[in-house]
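K.L.:
Pasting start_23.txt here (compact mmCIF, C-alpha atoms):
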# COMPACT_ATOMS: atom_id res chain seq x y z
CA MET A 135 113.99 149.51 204.17
CA GLY A 136 113.18 145.86 204.72
CA ILE A 137 112.51 142.93 202.45
CA TYR A 138 109.23 142.93 200.53
CA ASN A 139 106.68 140.27 201.41
CA VAL A 140 106.55 139.45 197.69
CA LYS A 141 109.42 137.01 197.27
CA LYS A 142 109.56 136.88 193.47
CA LEU A 143 109.32 139.61 190.84
CA VAL A 144 109.81 139.17 187.11
CA VAL A 145 109.96 142.39 185.11
CA VAL A 146 109.25 141.84 181.42
CA THR A 147 110.48 144.55 179.08
CA GLY A 148 111.86 144.96 175.59
CA LEU A 149 110.91 146.08 172.11
CA SER A 150 107.29 146.58 171.12
CA GLY A 151 106.21 143.59 169.06
CA SER A 152 108.79 141.25 170.61
CA GLY A 153 106.24 139.22 172.61
CA LYS A 154 105.87 140.92 175.99
CA SER A 155 102.12 140.29 176.26
CA SER A 156 102.57 136.61 175.35
CA THR A 157 105.33 136.33 177.94
CA LEU A 158 103.13 137.87 180.60
CA ASN A 159 100.36 135.38 179.77
CA ILE A 160 102.80 132.47 180.11
CA LEU A 161 104.03 133.73 183.47
CA GLU A 162 100.45 134.15 184.62
CA ASP A 163 99.81 130.52 183.63
CA GLN A 164 102.77 129.66 185.86
CA GLY A 165 100.85 131.15 188.78
CA LEU A 166 102.42 134.60 188.99
CA PHE A 167 100.25 137.64 189.66
CA ALA A 168 100.38 139.51 186.34
CA VAL A 169 100.26 143.29 185.76
CA ASP A 170 100.62 144.84 182.31
CA ASN A 171 101.95 148.30 181.46
CA ILE A 172 102.96 149.75 184.82
CA PRO A 173 105.25 152.80 185.06
CA ALA A 174 108.61 151.98 186.61
CA ALA A 175 108.07 154.55 189.33
CA LEU A 176 105.05 152.65 190.62
CA LEU A 177 106.84 149.31 191.09
CA PRO A 178 107.72 149.88 194.78
CA GLN A 179 104.14 150.88 195.56
CA LEU A 180 102.82 147.84 193.69
CA LEU A 181 105.03 145.51 195.72
CA GLU A 182 103.90 147.12 198.96
CA LEU A 183 100.26 146.80 197.92
CA LEU A 184 100.60 143.16 196.87
CA GLY A 185 102.41 142.30 200.08
CA THR A 186 99.00 141.42 201.56
CA HIS A 187 97.80 139.48 198.50
CA ASP A 188 98.16 135.73 199.14
CA SER A 189 98.67 134.70 195.53
CA ALA A 190 101.29 137.38 194.87
CA VAL A 191 103.18 136.54 198.06
CA VAL A 192 103.17 132.79 197.48
CA ASN A 193 103.65 132.63 193.70
CA GLY A 194 105.31 135.92 192.83
CA VAL A 195 104.55 138.86 190.55
CA ALA A 196 105.19 139.46 186.85
CA VAL A 197 104.95 142.95 185.35
CA VAL A 198 105.49 144.54 181.96
CA VAL A 199 107.42 147.80 181.94
CA ASP A 200 108.06 149.43 178.56
CA VAL A 201 107.97 152.68 176.60
CA ARG A 202 104.28 153.16 177.33
CA GLY A 203 105.22 154.04 180.91
CA LYS A 204 107.08 157.21 179.83
CA ASP A 205 109.62 156.97 182.69
CA LEU A 206 112.19 154.45 181.48
CA ASP A 207 115.03 156.79 182.46
CA ARG A 208 114.24 155.92 186.09
CA PHE A 209 114.03 152.16 185.61
CA VAL A 210 117.67 151.25 186.27
CA THR A 211 117.80 153.14 189.57
CA ILE A 212 114.44 151.79 190.73
CA SER A 213 115.22 148.21 189.71
CA ARG A 214 118.48 148.23 191.66
CA GLU A 215 116.64 149.41 194.76
CA ILE A 216 114.03 146.68 194.32
CA ARG A 217 116.68 144.03 193.68
CA ALA A 218 117.99 144.64 197.19
CA ARG A 219 114.52 144.06 198.69
CA VAL A 220 113.16 141.11 196.67
CA GLU A 221 114.65 137.66 197.18
CA ASP A 222 114.10 136.49 193.59
CA PHE A 223 114.23 139.41 191.13
CA SER A 224 114.86 139.21 187.41
CA VAL A 225 114.56 141.44 184.37
CA VAL A 226 113.61 139.65 181.15
CA PHE A 227 114.36 141.63 178.00
CA LEU A 228 112.66 140.56 174.77
CA ASP A 229 114.27 141.47 171.49
CA ALA A 230 113.89 140.78 167.77
CA THR A 231 115.42 142.01 164.55
CA ASP A 232 114.13 145.21 163.00
CA GLU A 233 112.88 143.28 159.98
CA VAL A 234 110.84 140.89 162.09
CA LEU A 235 109.38 143.67 164.22
CA VAL A 236 108.35 145.67 161.15
CA GLN A 237 106.70 142.57 159.72
CA ARG A 238 104.79 141.97 162.96
CA PHE A 239 103.55 145.57 163.07
CA ASN A 240 102.44 145.36 159.45
CA THR A 241 100.66 142.07 160.10
CA THR A 242 98.71 143.45 163.06
CA ARG A 243 98.26 146.87 161.37
CA ARG A 244 99.21 148.63 164.58
CA SER A 245 101.16 151.86 164.82
CA HIS A 246 104.28 152.08 166.95
CA PRO A 247 103.56 153.22 170.54
CA LEU A 248 106.01 156.10 170.24
CA GLY A 249 103.52 157.88 168.03
CA ASP A 250 101.73 158.04 164.72
CA GLY A 251 104.09 160.73 163.48
CA VAL A 252 106.99 158.33 162.94
CA THR A 253 107.44 155.35 160.68
CA ILE A 254 107.48 151.92 162.28
CA LEU A 255 111.19 151.50 161.58
CA GLU A 256 112.01 154.91 163.04
CA GLY A 257 109.92 154.10 166.10
CA ILE A 258 111.83 150.85 166.58
CA LYS A 259 115.18 152.65 166.36
CA ARG A 260 114.11 155.28 168.89
CA GLU A 261 112.81 152.57 171.20
CA ARG A 262 116.14 150.72 171.04
CA ASP A 263 117.91 153.87 172.17
CA LEU A 264 115.48 154.36 175.06
CA LEU A 265 115.88 150.74 176.16
CA ALA A 266 119.66 150.47 175.77
CA SER A 267 120.49 150.94 179.46
CA ILE A 268 117.70 148.56 180.52
CA ARG A 269 118.97 145.89 178.14
CA GLN A 270 122.36 146.09 179.84
CA GLU A 271 120.62 145.65 183.20
CA ALA A 272 118.66 142.55 182.05
CA ASP A 273 119.26 139.18 183.65
CA ILE A 274 117.80 137.29 180.69
CA ILE A 275 117.66 138.34 177.03
CA VAL A 276 115.40 136.38 174.69
CA ASP A 277 115.55 136.94 170.93
CA THR A 278 112.11 136.04 169.60
CA SER A 279 112.90 136.62 165.91
CA ASN A 280 112.74 132.95 164.99
CA LEU A 281 110.11 131.85 167.49
CA ASP A 282 106.62 131.00 166.31
CA ILE A 283 103.54 130.36 168.44
CA ARG A 284 104.48 126.72 169.03
CA SER A 285 108.08 127.32 170.04
CA PHE A 286 107.68 130.55 172.02
CA ARG A 287 106.49 129.06 175.30
CA PRO A 288 109.09 126.28 175.69
CA ALA A 289 111.89 128.63 174.62
CA LEU A 290 110.84 131.25 177.15
CA LEU A 291 110.46 128.79 180.02
CA LYS A 292 113.84 127.27 179.19
CA ALA A 293 115.43 130.72 179.29
CA LEU A 294 113.77 131.36 182.65
CA GLY A 295 114.90 128.01 183.98
CA SER A 296 111.29 127.00 184.62
CA PRO A 297 109.86 123.61 183.67
CA ASP A 298 106.75 123.67 181.54
CA PRO A 299 103.80 122.92 183.82
CA GLN A 300 102.51 119.38 183.55
CA LEU A 301 99.39 118.92 181.50
CA THR A 302 96.24 118.48 183.57
CA VAL A 303 93.63 116.12 182.12
CA LEU A 304 89.94 116.29 182.98
CA PHE A 305 87.86 113.28 182.02
CA SER A 306 84.16 114.01 182.36
CA SER A 307 81.06 111.95 181.69
CA PHE A 308 77.83 113.36 180.31
CA GLY A 309 74.54 112.35 178.71
CA PHE A 310 73.89 113.37 175.11
CA LYS A 311 70.23 113.95 175.93
CA HIS A 312 71.36 116.65 178.37
CA GLY A 313 73.71 118.35 175.89
CA ILE A 314 77.44 118.23 175.14
CA PRO A 315 79.71 120.16 177.59
CA ASN A 316 80.56 123.51 176.00
CA ASP A 317 84.10 123.61 177.36
CA SER A 318 85.21 120.19 176.13
CA ASP A 319 88.31 119.86 173.94
CA TYR A 320 87.42 116.33 172.79
CA VAL A 321 84.11 114.51 172.77
CA MET A 322 83.96 110.72 172.75
CA ASP A 323 80.73 108.80 172.11
CA VAL A 324 80.37 105.42 173.85
CA ARG A 325 76.69 104.82 173.05
CA PHE A 326 77.69 101.75 171.03
CA LEU A 327 78.50 99.89 174.26
CA PRO A 328 75.80 97.62 175.76
CA ASN A 329 73.50 99.71 177.92
CA PRO A 330 73.09 98.62 181.57
CA TYR A 331 69.99 100.81 181.80
CA TYR A 332 67.94 98.02 180.21
CA VAL A 333 68.98 95.54 182.89
CA PRO A 334 66.53 95.99 185.81
CA SER A 335 69.07 95.06 188.46
CA LEU A 336 71.55 97.62 187.08
CA ARG A 337 69.24 100.48 186.16
CA ASP A 338 69.46 102.29 189.49
CA LEU A 339 73.22 101.79 189.76
CA THR A 340 75.83 103.94 188.03
CA GLY A 341 79.12 103.44 186.21
CA THR A 342 80.97 103.78 189.49
CA ASP A 343 79.49 100.46 190.64
CA GLU A 344 81.40 97.28 189.88
CA PRO A 345 78.37 95.28 188.60
CA VAL A 346 77.84 97.90 185.88
CA LYS A 347 81.50 97.80 184.84
CA GLN A 348 81.49 94.01 184.82
CA TYR A 349 78.34 93.93 182.68
CA ILE A 350 79.93 96.19 180.04
CA LYS A 351 83.06 94.04 179.91
CA GLU A 352 81.10 90.79 179.63
CA GLN A 353 78.64 92.04 177.03
CA PHE A 354 81.19 93.70 174.76
CA PRO A 355 83.67 91.03 173.60
CA ASP A 356 86.10 93.56 172.10
CA TRP A 357 86.23 95.58 175.28
CA GLU A 358 89.99 95.23 175.86
CA VAL A 359 90.74 96.10 172.22
CA PHE A 360 88.60 99.20 172.45
CA LEU A 361 90.16 100.34 175.73
CA ASP A 362 93.72 99.73 174.44
CA LYS A 363 93.09 101.72 171.26
CA THR A 364 91.53 104.56 173.23
CA VAL A 365 94.47 104.70 175.61
CA ASP A 366 96.95 104.54 172.69
CA PHE A 367 95.19 107.48 171.05
CA PHE A 368 95.32 109.72 174.11
CA GLU A 369 98.86 108.60 174.97
CA PHE A 370 99.90 110.00 171.60
CA LEU A 371 97.65 113.06 171.68
CA LEU A 372 98.21 114.51 175.16
CA PRO A 373 101.99 115.12 174.84
CA GLN A 374 101.39 116.90 171.54
CA TYR A 375 99.17 119.44 173.26
CA GLY A 376 101.64 119.77 176.10
CA ARG A 377 104.42 120.65 173.64
CA VAL A 378 102.46 123.58 172.22
CA GLY A 379 101.79 125.00 175.65
CA LYS A 380 98.31 123.79 176.47
CA SER A 381 98.12 123.37 180.23
CA SER A 382 94.83 121.45 180.47
CA MET A 383 92.69 119.14 178.37
CA HIS A 384 89.01 118.37 178.90
CA ILE A 385 87.99 115.04 177.38
CA ALA A 386 84.22 114.58 177.59
CA ILE A 387 82.80 111.08 177.25
CA GLY A 388 79.12 110.70 176.54
CA CYS A 389 76.43 108.04 176.54
CA THR A 390 72.67 108.48 176.34
CA GLY A 391 71.90 109.50 179.91
CA GLY A 392 75.35 110.02 181.39
CA ARG A 393 74.88 107.54 184.26
CA HIS A 394 76.35 104.19 183.21
CA ARG A 395 78.62 103.69 180.21
CA SER A 396 80.28 107.11 180.08
CA VAL A 397 80.82 107.10 183.85
CA ALA A 398 82.49 103.69 183.74
CA MET A 399 84.73 104.80 180.86
CA VAL A 400 85.85 107.87 182.77
CA GLU A 401 86.64 105.72 185.80
CA TRP A 402 88.85 103.40 183.74
CA LEU A 403 90.70 106.18 181.92
CA GLU A 404 91.25 108.17 185.08
CA LEU A 405 92.94 105.21 186.74
CA ILE A 406 95.12 104.41 183.73
CA PHE A 407 96.41 107.94 183.19
CA GLU A 408 96.96 108.56 186.89
CA GLU A 409 99.23 105.51 186.88
CA GLN A 410 101.13 107.07 183.98
CA GLY A 411 101.87 110.15 186.05
CA TYR A 412 99.40 112.62 184.61
CA ARG A 413 97.55 115.06 186.83
CA VAL A 414 94.02 113.76 186.33
CA THR A 415 90.67 114.95 187.59
CA SER A 416 87.23 113.60 186.79
CA SER A 417 83.62 114.67 187.00
CA HIS A 418 80.24 113.07 186.27
CA ARG A 419 77.93 115.87 185.26
CA ASP A 420 74.72 113.89 184.73
CA ILE A 421 75.20 110.94 187.06
CA ASP A 422 72.27 111.96 189.30
CA LYS A 423 69.88 112.77 186.46
CA HIS A 424 67.20 110.36 185.26
What is this file in structure tokens?
P.N.:
Amino acid sequence: MGIYNVKKLVVVTGLSGSGKSSTLNILEDQGLFAVDNIPAALLPQLLELLGTHDSAVVNGVAVVVDVRGKDLDRFVTISREIRARVEDFSVVFLDATDEVLVQRFNTTRRSHPLGDGVTILEGIKRERDLLASIRQEADIIVDTSNLDIRSFRPALLKALGSPDPQLTVLFSSFGFKHGIPNDSDYVMDVRFLPNPYYVPSLRDLTGTDEPVKQYIKEQFPDWEVFLDKTVDFFEFLLPQYGRVGKSSMHIAIGCTGGRHRSVAMVEWLELIFEEQGYRVTSSHRDIDKH
């Protein structure tokens, strides 16, 4: 048996209610090909199948294997065979105290996956017994008892030795008369700025043109104050969203038509935040509309 084309495999397992689905979502955000609830016996076949999938080969695969698969007794043997054929293989075991798990089940009003005929606490105890050998096999054990939504992602990535992905910022311009972008996280209105549309020589230009930018600067005496305060605001705000695990932010900037003032503002902010090391993209949705 040779080496799998898939170079990285992360198997997520552990107690029900410990955060396996959240972990899988985080790994998927990291670029891994994610598969939930796969029986252990099917792991070799999955790796063979994904050996022709570009994303899985390049970025790796993350799977959840747990008591729903009904074949945990085979996991240790299968995982050892896979470990010999995958360059980067790890088993991440998620755990939590019985009290915390019971509380989580009660909060979500879900029954334990081992069946409706047992109490939640009894189901947890049975599950611990079934997972005991797998826990011993784990490369990484993460206790999620004291982790809330904000702290879960950074704690998990730290345990995995993975840096949190850098926040990507999209600055987009739009015209209010064409509607606010539905997917925006923040909307900024710059219709108070002097409007180049009413200057005949500037009307057919856009905010990407230097004469339009120069006009706004000259006609708005507090331009530098406004720009500095805007930059200060987003300099404070963006890291806060990065700390809670948000991987991208869409900041939409609007003027009346979306051709002059909002476009110029996006151009300035894009340049400033690129210089600060952010991954920045920009778009001008309404720049060609009249």
K.L.:
Hey, which of A:Ile160, A:Leu149, A:Val365, A:Val197 ends up closest to Ile258 of chain A? Count all atoms listed in the file.
P.N.:
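When distances to Ile258 of chain A are compared using all atoms listed in the file, the smallest one comes from A:Leu149.
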K.L.:
Can you tell me how far atom CA of Ile387 of chain A sits from atom CA of Ser307 of chain A, in Å to one decimal?
P.N.:
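Between atom CA of Ile387 of chain A and atom CA of Ser307 of chain A the gap is 4.8 Å.
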K.L.:
For segment 398-412 of chain A, work out the shell of residues within 7 Å, counting all atoms listed in the file and skipping chain neighbours fewer than 4 positions away, then give it as a PyMOL selection string.
P.N.:
chain A and resi 302+305-307+341-342+347+394+416
K.L.:
Selection from above, C-alpha atoms, as an mmCIF file, in the frame of the given file, can you write it?
P.N.:
data_model
loop_
_atom_site.group_PDB
_atom_site.id
_atom_site.type_symbol
_atom_site.label_atom_id
_atom_site.label_comp_id
_atom_site.auth_asym_id
_atom_site.auth_seq_id
_atom_site.Cartn_x
_atom_site.Cartn_y
_atom_site.Cartn_z
ATOM 1 C CA THR A 302 96.240 118.480 183.570
ATOM 2 C CA PHE A 305 87.860 113.280 182.020
ATOM 3 C CA SER A 306 84.160 114.010 182.360
ATOM 4 C CA SER A 307 81.060 111.950 181.690
ATOM 5 C CA GLY A 341 79.120 103.440 186.210
ATOM 6 C CA THR A 342 80.970 103.780 189.490
ATOM 7 C CA LYS A 347 81.500 97.800 184.840
ATOM 8 C CA HIS A 394 76.350 104.190 183.210
ATOM 9 C CA SER A 416 87.230 113.600 186.790
#
K.L.:
If we count all atoms listed in the file and set the cut-off at 10 Å, which residues sit around Thr242 of chain A, ignoring sequence neighbours fewer than 4 positions away in its own chain? Please answer as a PyMOL selection string.
P.N.:
chain A and resi 151+237-238
K.L.:
Counting only C-alpha atoms, select every polymer residue within 12 Å of (104.8, 156.6, 167.7) as defined in the file's coordinates, and provide the selection as number ranges by chain.
P.N.:
A: 150, 201-202, 244-261
K.L.:
Atom CA of Ala266 of chain A and atom CA of Ile283 of chain A, how far apart in Å?
P.N.:
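Between atom CA of Ile283 of chain A and atom CA of Ala266 of chain A the gap works out to 26.8 Å.
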K.L.:
Please provide as a PyMOL selection string all residues within 10 Å of Thr340 of chain A, with the sequence filter that same-chain residues fewer than 3 positions apart are discarded (counting all atoms listed in the file).
P.N.:
chain A and resi 330-331+336-337+343-347+392-398+421-422
K.L.:
If we draw a sphere of 8 Å around (108.9, 137.1, 185.6), which residues have at least one atom in it when counting all atoms listed in the file? Please report them as a ChimeraX atom specification.
P.N.:
/A:142-146,158,161,166,195-197,224-226
K.L.:
Produce the centre coordinates and the three edge lengths, each in Å to one decimal, of the box along x, y and z that contains all listed atoms of segment 277-289 of chain A with 3 Å added on each side, as JSON.
P.N.:
{"center_x": 109.5, "center_y": 131.6, "center_z": 170.3, "size_x": 18.0, "size_y": 16.7, "size_z": 16.7}
K.L.:
So which one's closest to Gly376 of chain A, A:Ser285, A:Asn139, A:Asn329, A:Gln348? Using all atoms listed in the file, please.
P.N.:
A:Ser285
K.L.:
Name the closest residue to Gly391 of chain A among the candidates A:Thr364, A:Val359, A:His424, A:Val414; distances are taken between atoms, counting all atoms listed in the file.
P.N.:
A:His424
K.L.:
Might you pull out every residue within 12 Å of Gln179 of chain A, with all atoms listed in the file counted and same-chain residues fewer than 4 positions away left off, and present them as a compact mmCIF listing (two decimals) with C-alpha atoms, in the coordinates of the input?
P.N.:
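Once everything was written out, this is part-v9.txt:
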# COMPACT_ATOMS: atom_id res chain seq x y z
CA TYR A 138 109.23 142.93 200.53
CA VAL A 140 106.55 139.45 197.69
CA ILE A 172 102.96 149.75 184.82
CA PRO A 173 105.25 152.80 185.06
CA ALA A 174 108.61 151.98 186.61
CA ALA A 175 108.07 154.55 189.33
CA LEU A 183 100.26 146.80 197.92
CA LEU A 184 100.60 143.16 196.87
CA GLY A 185 102.41 142.30 200.08
CA ILE A 212 114.44 151.79 190.73
CA ILE A 216 114.03 146.68 194.32
K.L.:
Separation of atom CA of Gly388 of chain A and atom CA of Arg325 of chain A, in Å?
P.N.:
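That distance, rounded to one decimal, is 7.3 Å.
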K.L.:
Would you please work out which residue, of A:Leu206, A:Leu181, A:Val236, A:Val321, is nearest to Phe223 of chain A when using all atoms listed in the file?
P.N.:
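Of all the options, A:Leu181 lies closest to Phe223 of chain A.
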K.L.:
For Ala272 of chain A, which residue out of A:Arg413, A:Lys204, A:Arg217, A:Arg419 is the nearest one, using only C-alpha atoms?
P.N.:
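Among the listed residues, the smallest separation from Ala272 of chain A belongs to A:Arg217.
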K.L.:
When you get a chance, write out all heavy atoms for segment 281-292 of chain A, as a PDB file, in the frame of the given file.
P.N.:
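rebuild_36.pdb, freshly written:
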ATOM      1  N   LEU A 281     111.045 132.641 166.697  1.00  0.00           N
ATOM      2  CA  LEU A 281     110.110 131.850 167.490  1.00  0.00           C
ATOM      3  C   LEU A 281     108.696 132.039 166.977  1.00  0.00           C
ATOM      4  O   LEU A 281     108.229 133.169 166.850  1.00  0.00           O
ATOM      5  CB  LEU A 281     110.177 132.251 168.967  1.00  0.00           C
ATOM      6  CG  LEU A 281     111.525 132.066 169.665  1.00  0.00           C
ATOM      7  CD1 LEU A 281     111.442 132.530 171.115  1.00  0.00           C
ATOM      8  CD2 LEU A 281     111.983 130.610 169.605  1.00  0.00           C
ATOM      9  N   ASP A 282     108.020 130.923 166.684  1.00  0.00           N
ATOM     10  CA  ASP A 282     106.620 131.000 166.310  1.00  0.00           C
ATOM     11  C   ASP A 282     105.763 130.672 167.527  1.00  0.00           C
ATOM     12  O   ASP A 282     106.269 130.499 168.637  1.00  0.00           O
ATOM     13  CB  ASP A 282     106.292 130.060 165.138  1.00  0.00           C
ATOM     14  CG  ASP A 282     106.669 128.603 165.434  1.00  0.00           C
ATOM     15  OD1 ASP A 282     106.825 128.259 166.635  1.00  0.00           O
ATOM     16  OD2 ASP A 282     106.791 127.814 164.494  1.00  0.00           O
ATOM     17  N   ILE A 283     104.461 130.593 167.326  1.00  0.00           N
ATOM     18  CA  ILE A 283     103.540 130.360 168.440  1.00  0.00           C
ATOM     19  C   ILE A 283     103.861 129.062 169.172  1.00  0.00           C
ATOM     20  O   ILE A 283     103.804 128.982 170.405  1.00  0.00           O
ATOM     21  CB  ILE A 283     102.079 130.343 167.931  1.00  0.00           C
ATOM     22  CG1 ILE A 283     101.696 131.736 167.409  1.00  0.00           C
ATOM     23  CG2 ILE A 283     101.119 129.916 169.041  1.00  0.00           C
ATOM     24  CD1 ILE A 283     100.325 131.802 166.773  1.00  0.00           C
ATOM     25  N   ARG A 284     104.230 128.027 168.416  1.00  0.00           N
ATOM     26  CA  ARG A 284     104.480 126.720 169.030  1.00  0.00           C
ATOM     27  C   ARG A 284     105.759 126.716 169.873  1.00  0.00           C
ATOM     28  O   ARG A 284     105.822 126.084 170.918  1.00  0.00           O
ATOM     29  CB  ARG A 284     104.585 125.632 167.937  1.00  0.00           C
ATOM     30  CG  ARG A 284     103.262 125.290 167.275  1.00  0.00           C
ATOM     31  CD  ARG A 284     103.487 124.310 166.131  1.00  0.00           C
ATOM     32  NE  ARG A 284     102.228 123.878 165.553  1.00  0.00           N
ATOM     33  CZ  ARG A 284     101.585 122.772 165.884  1.00  0.00           C
ATOM     34  NH1 ARG A 284     102.098 121.994 166.818  1.00  0.00           N
ATOM     35  NH2 ARG A 284     100.456 122.439 165.314  1.00  0.00           N
ATOM     36  N   SER A 285     106.780 127.404 169.385  1.00  0.00           N
ATOM     37  CA  SER A 285     108.080 127.320 170.040  1.00  0.00           C
ATOM     38  C   SER A 285     108.311 128.400 171.087  1.00  0.00           C
ATOM     39  O   SER A 285     109.266 128.326 171.856  1.00  0.00           O
ATOM     40  CB  SER A 285     109.198 127.374 168.987  1.00  0.00           C
ATOM     41  OG  SER A 285     109.092 128.559 168.210  1.00  0.00           O
ATOM     42  N   PHE A 286     107.445 129.417 171.125  1.00  0.00           N
ATOM     43  CA  PHE A 286     107.680 130.550 172.020  1.00  0.00           C
ATOM     44  C   PHE A 286     107.658 130.135 173.482  1.00  0.00           C
ATOM     45  O   PHE A 286     108.583 130.452 174.240  1.00  0.00           O
ATOM     46  CB  PHE A 286     106.621 131.637 171.774  1.00  0.00           C
ATOM     47  CG  PHE A 286     106.883 132.908 172.522  1.00  0.00           C
ATOM     48  CD1 PHE A 286     107.655 133.903 171.959  1.00  0.00           C
ATOM     49  CD2 PHE A 286     106.373 133.110 173.802  1.00  0.00           C
ATOM     50  CE1 PHE A 286     107.914 135.085 172.640  1.00  0.00           C
ATOM     51  CE2 PHE A 286     106.621 134.285 174.493  1.00  0.00           C
ATOM     52  CZ  PHE A 286     107.396 135.273 173.914  1.00  0.00           C
ATOM     53  N   ARG A 287     106.636 129.424 173.886  1.00  0.00           N
ATOM     54  CA  ARG A 287     106.490 129.060 175.300  1.00  0.00           C
ATOM     55  C   ARG A 287     107.651 128.213 175.822  1.00  0.00           C
ATOM     56  O   ARG A 287     108.267 128.570 176.839  1.00  0.00           O
ATOM     57  CB  ARG A 287     105.150 128.342 175.512  1.00  0.00           C
ATOM     58  CG  ARG A 287     104.879 127.964 176.968  1.00  0.00           C
ATOM     59  CD  ARG A 287     103.644 127.082 177.068  1.00  0.00           C
ATOM     60  NE  ARG A 287     103.315 126.795 178.443  1.00  0.00           N
ATOM     61  CZ  ARG A 287     102.460 127.481 179.177  1.00  0.00           C
ATOM     62  NH1 ARG A 287     101.838 128.526 178.662  1.00  0.00           N
ATOM     63  NH2 ARG A 287     102.215 127.156 180.428  1.00  0.00           N
ATOM     64  N   PRO A 288     107.972 127.079 175.155  1.00  0.00           N
ATOM     65  CA  PRO A 288     109.090 126.280 175.690  1.00  0.00           C
ATOM     66  C   PRO A 288     110.411 127.022 175.677  1.00  0.00           C
ATOM     67  O   PRO A 288     111.230 126.851 176.582  1.00  0.00           O
ATOM     68  CB  PRO A 288     109.118 125.050 174.772  1.00  0.00           C
ATOM     69  CG  PRO A 288     108.330 125.421 173.563  1.00  0.00           C
ATOM     70  CD  PRO A 288     107.323 126.409 174.012  1.00  0.00           C
ATOM     71  N   ALA A 289     110.643 127.871 174.671  1.00  0.00           N
ATOM     72  CA  ALA A 289     111.890 128.630 174.620  1.00  0.00           C
ATOM     73  C   ALA A 289     111.971 129.621 175.772  1.00  0.00           C
ATOM     74  O   ALA A 289     113.028 129.786 176.401  1.00  0.00           O
ATOM     75  CB  ALA A 289     112.004 129.360 173.279  1.00  0.00           C
ATOM     76  N   LEU A 290     110.858 130.279 176.060  1.00  0.00           N
ATOM     77  CA  LEU A 290     110.840 131.250 177.150  1.00  0.00           C
ATOM     78  C   LEU A 290     111.059 130.560 178.503  1.00  0.00           C
ATOM     79  O   LEU A 290     111.874 130.995 179.318  1.00  0.00           O
ATOM     80  CB  LEU A 290     109.523 132.012 177.162  1.00  0.00           C
ATOM     81  CG  LEU A 290     109.358 132.989 178.328  1.00  0.00           C
ATOM     82  CD1 LEU A 290     110.332 134.140 178.195  1.00  0.00           C
ATOM     83  CD2 LEU A 290     107.925 133.491 178.427  1.00  0.00           C
ATOM     84  N   LEU A 291     110.342 129.481 178.740  1.00  0.00           N
ATOM     85  CA  LEU A 291     110.460 128.790 180.020  1.00  0.00           C
ATOM     86  C   LEU A 291     111.858 128.208 180.201  1.00  0.00           C
ATOM     87  O   LEU A 291     112.389 128.180 181.315  1.00  0.00           O
ATOM     88  CB  LEU A 291     109.402 127.690 180.118  1.00  0.00           C
ATOM     89  CG  LEU A 291     107.958 128.190 180.248  1.00  0.00           C
ATOM     90  CD1 LEU A 291     106.986 127.026 180.234  1.00  0.00           C
ATOM     91  CD2 LEU A 291     107.776 129.017 181.515  1.00  0.00           C
ATOM     92  N   LYS A 292     112.469 127.770 179.103  1.00  0.00           N
ATOM     93  CA  LYS A 292     113.840 127.270 179.190  1.00  0.00           C
ATOM     94  C   LYS A 292     114.789 128.401 179.569  1.00  0.00           C
ATOM     95  O   LYS A 292     115.680 128.230 180.408  1.00  0.00           O
ATOM     96  CB  LYS A 292     114.254 126.666 177.847  1.00  0.00           C
ATOM     97  CG  LYS A 292     115.671 126.089 177.859  1.00  0.00           C
ATOM     98  CD  LYS A 292     116.013 125.467 176.513  1.00  0.00           C
ATOM     99  CE  LYS A 292     117.431 124.889 176.527  1.00  0.00           C
ATOM    100  NZ  LYS A 292     117.784 124.296 175.209  1.00  0.00           N
TER     101      LYS A 292
END
